[in-house]
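Asker: Next comes the structure file my_file.cif, holding mmCIF, C-alpha atoms and all ligand atoms.
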```cif
data_protein
#
loop_
_atom_site.label_atom_id
_atom_site.label_comp_id
_atom_site.auth_asym_id
_atom_site.auth_seq_id
_atom_site.Cartn_x
_atom_site.Cartn_y
_atom_site.Cartn_z
CA MET A 1 0.00 0.00 0.00
CA ALA A 2 1.13 3.56 -0.71
CA PRO A 3 2.47 5.70 2.14
CA LEU A 4 0.00 8.12 3.66
CA SER A 5 0.81 11.67 4.67
CA PHE A 6 -1.42 14.30 6.28
CA ASP A 7 -1.26 17.51 8.27
CA ALA A 8 -1.18 17.05 12.01
CA LYS A 9 0.10 18.72 15.15
CA PRO A 10 2.93 19.16 15.98
CA ALA A 11 4.11 18.12 12.50
CA ARG A 12 2.98 16.39 9.32
CA PHE A 13 2.39 12.67 9.89
CA GLU A 14 3.54 9.94 7.53
CA MET A 15 2.66 6.29 7.77
CA ASP A 16 2.44 3.07 5.86
CA LEU A 17 -1.24 2.10 5.74
CA SER A 18 -0.41 -1.61 5.87
CA ARG A 19 1.38 -0.99 9.20
CA CYS A 20 -1.40 1.09 10.72
CA ALA A 21 -4.37 0.13 12.90
CA ALA A 22 -7.33 2.38 13.57
CA ILE A 23 -8.73 1.90 17.08
CA PHE A 24 -12.26 2.94 17.95
CA ILE A 25 -12.35 3.21 21.72
CA ASP A 26 -15.47 2.32 23.70
CA MET A 27 -18.16 3.67 21.34
CA GLN A 28 -20.71 1.86 23.54
CA ARG A 29 -24.24 2.68 24.57
CA ASP A 30 -22.98 2.75 28.17
CA PHE A 31 -21.10 5.96 27.38
CA VAL A 32 -23.23 7.75 24.80
CA GLU A 33 -26.79 6.91 25.83
CA PRO A 34 -28.78 7.75 28.98
CA GLY A 35 -29.05 5.07 31.66
CA GLY A 36 -25.53 3.68 31.26
CA PHE A 37 -22.20 3.91 33.01
CA GLY A 38 -21.35 7.44 31.83
CA GLU A 39 -24.57 8.84 33.20
CA SER A 40 -24.19 6.86 36.43
CA LEU A 41 -21.01 8.89 37.04
CA GLY A 42 -23.03 12.11 36.80
CA ASN A 43 -22.23 13.00 33.18
CA ASP A 44 -24.34 14.49 30.39
CA VAL A 45 -23.95 11.76 27.78
CA SER A 46 -25.19 13.93 24.91
CA ARG A 47 -21.81 15.67 24.93
CA LEU A 48 -20.18 12.58 23.45
CA ARG A 49 -22.54 12.18 20.53
CA VAL A 50 -20.73 14.84 18.45
CA ALA A 51 -18.04 12.25 17.74
CA ILE A 52 -20.40 9.67 16.22
CA GLU A 53 -20.81 11.13 12.72
CA PRO A 54 -17.09 11.96 12.22
CA CYS A 55 -16.27 8.41 13.42
CA ARG A 56 -18.83 6.95 11.02
CA ARG A 57 -17.36 8.86 8.05
CA LEU A 58 -13.79 7.96 8.96
CA LEU A 59 -14.71 4.31 9.49
CA GLU A 60 -16.26 4.25 6.02
CA GLY A 61 -13.05 5.71 4.51
CA LEU A 62 -10.85 3.28 6.43
CA ARG A 63 -12.90 0.30 5.29
CA ARG A 64 -12.81 1.53 1.69
CA ALA A 65 -9.01 1.83 1.90
CA GLY A 66 -8.67 -1.67 3.39
CA ALA A 67 -7.25 -0.41 6.71
CA PHE A 68 -7.07 -2.61 9.78
CA VAL A 69 -9.80 -1.53 12.22
CA ILE A 70 -10.11 -2.57 15.87
CA HIS A 71 -12.93 -1.74 18.29
CA THR A 72 -12.73 -1.78 22.07
CA ARG A 73 -15.35 -2.06 24.79
CA GLU A 74 -14.87 -1.25 28.46
CA GLY A 75 -16.69 -3.68 30.70
CA HIS A 76 -16.63 -6.56 33.13
CA ARG A 77 -17.49 -10.20 33.54
CA PRO A 78 -21.04 -10.78 34.83
CA ASP A 79 -19.61 -11.96 38.19
CA LEU A 80 -17.51 -8.75 38.36
CA SER A 81 -14.46 -10.80 39.29
CA ASP A 82 -12.33 -8.63 37.01
CA ALA A 83 -13.62 -5.33 38.45
CA PRO A 84 -11.64 -3.80 41.30
CA SER A 85 -13.89 -2.84 44.20
CA SER A 86 -12.31 0.62 44.11
CA LYS A 87 -13.81 1.02 40.62
CA ILE A 88 -17.19 -0.48 41.48
CA HIS A 89 -17.74 1.74 44.49
CA ARG A 90 -16.68 5.04 42.98
CA GLY A 91 -19.32 7.67 42.19
CA ALA A 92 -22.61 8.60 43.84
CA GLY A 93 -25.12 6.97 41.45
CA PRO A 94 -25.87 3.41 40.35
CA LYS A 95 -22.84 1.14 40.36
CA ILE A 96 -21.16 -1.19 37.87
CA GLY A 97 -23.27 -4.37 37.80
CA ASP A 98 -26.50 -2.62 38.90
CA LEU A 99 -29.54 -3.08 36.69
CA GLY A 100 -30.29 -0.07 34.47
CA PRO A 101 -32.56 0.55 31.47
CA MET A 102 -29.96 -1.03 29.13
CA GLY A 103 -29.22 -4.02 31.37
CA ARG A 104 -26.52 -4.34 33.99
CA ILE A 105 -24.19 -1.36 33.90
CA LEU A 106 -20.83 -1.98 32.17
CA VAL A 107 -21.31 -5.75 32.14
CA ARG A 108 -20.33 -7.81 29.10
CA GLY A 109 -23.23 -9.23 27.13
CA GLU A 110 -25.65 -6.51 28.23
CA ARG A 111 -27.29 -4.14 25.74
CA GLY A 112 -25.62 -1.09 27.26
CA HIS A 113 -22.19 -2.65 26.97
CA ASP A 114 -22.45 -3.19 23.23
CA LEU A 115 -21.12 -0.91 20.52
CA ILE A 116 -23.52 1.61 19.01
CA PRO A 117 -25.19 0.55 15.75
CA GLU A 118 -23.75 3.50 13.77
CA LEU A 119 -20.23 2.11 14.29
CA TYR A 120 -20.91 -1.59 14.53
CA PRO A 121 -17.98 -3.82 13.56
CA VAL A 122 -18.01 -5.82 10.36
CA PRO A 123 -16.40 -9.27 10.00
CA GLY A 124 -12.60 -9.03 10.19
CA GLU A 125 -12.61 -6.15 12.70
CA PRO A 126 -11.56 -7.47 16.11
CA VAL A 127 -13.38 -6.31 19.23
CA ILE A 128 -11.21 -6.06 22.34
CA ASP A 129 -12.98 -6.36 25.67
CA LYS A 130 -11.05 -4.44 28.28
CA PRO A 131 -11.60 -4.21 32.03
CA GLY A 132 -9.63 -0.97 32.42
CA LYS A 133 -9.38 2.43 30.85
CA GLY A 134 -6.33 1.61 28.74
CA ALA A 135 -6.80 -0.80 25.83
CA PHE A 136 -3.48 -2.56 26.56
CA TYR A 137 -4.17 -3.46 30.18
CA ALA A 138 -5.20 -7.13 30.54
CA THR A 139 -6.11 -7.53 26.85
CA GLU A 140 -4.80 -9.23 23.68
CA LEU A 141 -4.28 -5.89 21.91
CA GLU A 142 -0.48 -5.77 22.00
CA PRO A 143 0.16 -9.25 20.53
CA MET A 144 -2.52 -8.55 17.94
CA LEU A 145 -0.64 -5.43 16.82
CA ARG A 146 2.79 -7.09 17.00
CA HIS A 147 1.65 -10.06 14.88
CA ARG A 148 0.72 -7.63 12.12
CA ASN A 149 3.84 -5.53 12.47
CA ILE A 150 1.77 -2.46 13.26
CA GLU A 151 3.71 0.73 14.00
CA SER A 152 1.09 3.53 13.85
CA LEU A 153 -2.29 3.87 15.53
CA LEU A 154 -5.16 6.15 14.60
CA VAL A 155 -7.06 6.67 17.84
CA CYS A 156 -10.77 7.57 17.88
CA GLY A 157 -13.50 7.22 20.48
CA VAL A 158 -14.56 8.19 23.96
CA THR A 159 -13.68 9.71 26.17
CA THR A 160 -10.73 11.81 25.03
CA VAL A 161 -9.46 12.32 28.54
CA VAL A 162 -10.00 8.89 30.03
CA CYS A 163 -9.85 5.82 27.77
CA ALA A 164 -8.39 7.42 24.64
CA HIS A 165 -5.68 9.25 26.60
CA THR A 166 -4.82 6.22 28.74
CA THR A 167 -4.55 4.06 25.62
CA VAL A 168 -2.32 6.58 23.84
CA ARG A 169 0.00 6.76 26.85
CA GLU A 170 0.19 2.96 27.03
CA ALA A 171 0.81 2.73 23.27
CA ASN A 172 3.44 5.47 23.25
CA ASP A 173 5.48 3.69 25.92
CA ARG A 174 5.29 0.51 23.84
CA GLY A 175 6.77 2.28 20.81
CA PHE A 176 3.63 2.84 18.74
CA ARG A 177 3.19 6.18 16.94
CA CYS A 178 -0.27 7.47 17.83
CA VAL A 179 -2.43 9.98 16.00
CA VAL A 180 -5.47 11.15 17.95
CA VAL A 181 -8.23 12.08 15.52
CA GLU A 182 -9.56 15.15 17.28
CA ASP A 183 -13.14 15.35 16.02
CA CYS A 184 -13.56 11.56 16.39
CA CYS A 185 -13.00 11.85 20.15
CA ALA A 186 -15.17 13.60 22.72
CA SER A 187 -15.30 14.31 26.41
CA TYR A 188 -18.12 14.99 28.86
CA PHE A 189 -16.21 18.25 29.48
CA SER A 190 -15.30 20.30 26.41
CA GLU A 191 -12.45 22.09 28.21
CA PHE A 192 -10.91 18.73 29.16
CA HIS A 193 -11.13 17.61 25.53
CA GLU A 194 -9.23 20.68 24.32
CA VAL A 195 -6.53 20.42 26.96
CA ALA A 196 -6.16 16.65 26.53
CA LEU A 197 -5.47 17.16 22.81
CA ARG A 198 -2.93 19.88 23.56
CA MET A 199 -1.21 17.53 26.02
CA ILE A 200 -0.75 14.92 23.26
CA SER A 201 1.00 17.18 20.77
CA ALA A 202 2.83 19.54 23.19
CA GLN A 203 6.60 19.31 23.69
CA GLY A 204 7.14 18.24 20.09
CA GLY A 205 4.51 15.48 20.35
CA ILE A 206 5.30 14.04 23.77
CA PHE A 207 2.53 11.43 23.44
CA GLY A 208 1.88 11.61 19.70
CA TRP A 209 0.11 13.62 17.01
CA VAL A 210 -3.33 15.22 16.69
CA ALA A 211 -5.13 15.46 13.34
CA HIS A 212 -8.61 16.29 12.04
CA SER A 213 -10.51 13.47 10.36
CA SER A 214 -10.82 15.52 7.15
CA GLU A 215 -7.01 15.39 6.79
CA VAL A 216 -6.91 11.63 7.40
CA LEU A 217 -9.80 11.02 5.01
CA SER A 218 -8.21 13.07 2.23
CA ALA A 219 -4.99 11.10 2.64
CA LEU A 220 -6.90 7.82 2.52
CA THR A 221 -8.66 8.92 -0.66
CA ARG A 222 -5.38 9.97 -2.28
CA ALA A 223 -3.83 6.61 -1.40
CA THR A 224 -6.62 4.42 -2.79
N1 LIG B 301 -15.68 8.43 32.68
C1 LIG B 301 -15.13 8.60 31.50
O1 LIG B 301 -14.94 9.73 31.01
N2 LIG B 301 -14.76 7.53 30.76
C2 LIG B 301 -14.74 6.21 31.14
O2 LIG B 301 -15.05 5.85 32.27
N3 LIG B 301 -14.40 5.30 30.18
C3 LIG B 301 -13.98 5.65 28.89
O3 LIG B 301 -13.48 6.74 28.64
N4 LIG B 301 -14.22 4.76 27.93
#
```
Any chance you could give the structure as structure tokens?
Ligand code: TIU
Answerer:
Amino acid sequence: MAPLSFDAKPARFEMDLSRCAAIFIDMQRDFVEPGGFGESLGNDVSRLRVAIEPCRRLLEGLRRAGAFVIHTREGHRPDLSDAPSSKIHRGAGPKIGDLGPMGRILVRGERGHDLIPELYPVPGEPVIDKPGKGAFYATELEPMLRHRNIESLLVCGVTTVVCAHTTVREANDRGFRCVVVEDCCASYFSEFHEVALRMISAQGGIFGWVAHSSEVLSALTRAT
């Protein structure tokens, strides 16, 4: 596949599409719809929905270009044996494992835990179930990337500050070059979103690069 190049902060980004994976982080009902985990923490879930359409368009472009796409879901076993009690008992509202309108909150197999229909995986796109905020912690993600000789990650999803940021930090320490696609991420707090993006690309790209999906999509179109 042809090399891809697009404008990004702090500098133009170049990558080999065959050595890139796009990761869609936790685009689950539990985070973007009322009655799930995000709301149980006291958040206004509608703030995350701005990322859905940019993610949908980028996903379409990635699929058209034959890119490797991975989806992640945050959640726990039904017996909660993989959920630290410190996580379960945090927050003032309903807890992980409690019954909500979309089933048990943040529990695998429940309706709320599943990915939203707009971004549903197609065959060949692995789904990583993760118990933590980072996608590398206690998951098969790293061997999956190493087996394919992946070196660059396009990171999309929610929330910018929590699971996307944690994943980028984990990936950066493992030697992956990460591009956070700014409009494909969202936070319950817009000011956190802005600052989180600045933290990625500051200091010459201390954690990675930040790019708009329009730049990535144009590069994908040019390459295919
Ligand atoms: N609370 C919050 O902003 N996020 C999470 O708990 N998980 C993810 O970001 N997926």
Asker: Could you tell me, counting all atoms listed in the file, which protein and nucleic acid residues lie no more than 6 Å from ligand LIG 301 (chain B), written as an MDAnalysis selection string?
Answerer: chainID A and resid 26 38 133 158:159 162:163
Asker: Closest to Phe192 (chain A) among A:Gly205, A:Thr160, A:Leu58, A:Glu33, using only C-alpha atoms?
Answerer: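 When distances to Phe192 (chain A) are compared using only C-alpha atoms, the smallest one comes from A:Thr160.
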Asker: Please identify all polymer residues within 6 Å of Cys156 (chain A), counting all atoms listed in the file, omitting same-chain residues fewer than 5 positions from it, and present them as a VMD selection string.
Answerer: chain A and resid 24 181 184 to 185
Asker: With all atoms listed in the file as the counted atoms, please give the residues lying no more than 8 Å from region 106-113 of chain A, apart from itself and same-chain residues fewer than 5 positions off, as an MDAnalysis selection string.
Answerer: chainID A and resid 28:30 36:37 73:78 80 96:97
Asker: Output C-alpha atoms of each residue in that selection to a file, as a compact mmCIF listing (two decimals), in the frame of the given file.
Answerer:
```txt
# COMPACT_ATOMS: atom_id res chain seq x y z
CA GLN A 28 -20.71 1.86 23.54
CA ARG A 29 -24.24 2.68 24.57
CA ASP A 30 -22.98 2.75 28.17
CA GLY A 36 -25.53 3.68 31.26
CA PHE A 37 -22.20 3.91 33.01
CA ARG A 73 -15.35 -2.06 24.79
CA GLU A 74 -14.87 -1.25 28.46
CA GLY A 75 -16.69 -3.68 30.70
CA HIS A 76 -16.63 -6.56 33.13
CA ARG A 77 -17.49 -10.20 33.54
CA PRO A 78 -21.04 -10.78 34.83
CA LEU A 80 -17.51 -8.75 38.36
CA ILE A 96 -21.16 -1.19 37.87
CA GLY A 97 -23.27 -4.37 37.80
```
Asker: From the set A:Arg19, A:Ala138, A:Leu119, A:Lys9, which residue has the shortest atom-to-atom contact distance to Leu197 (chain A), counting all atoms listed in the file?
Answerer: A:Lys9
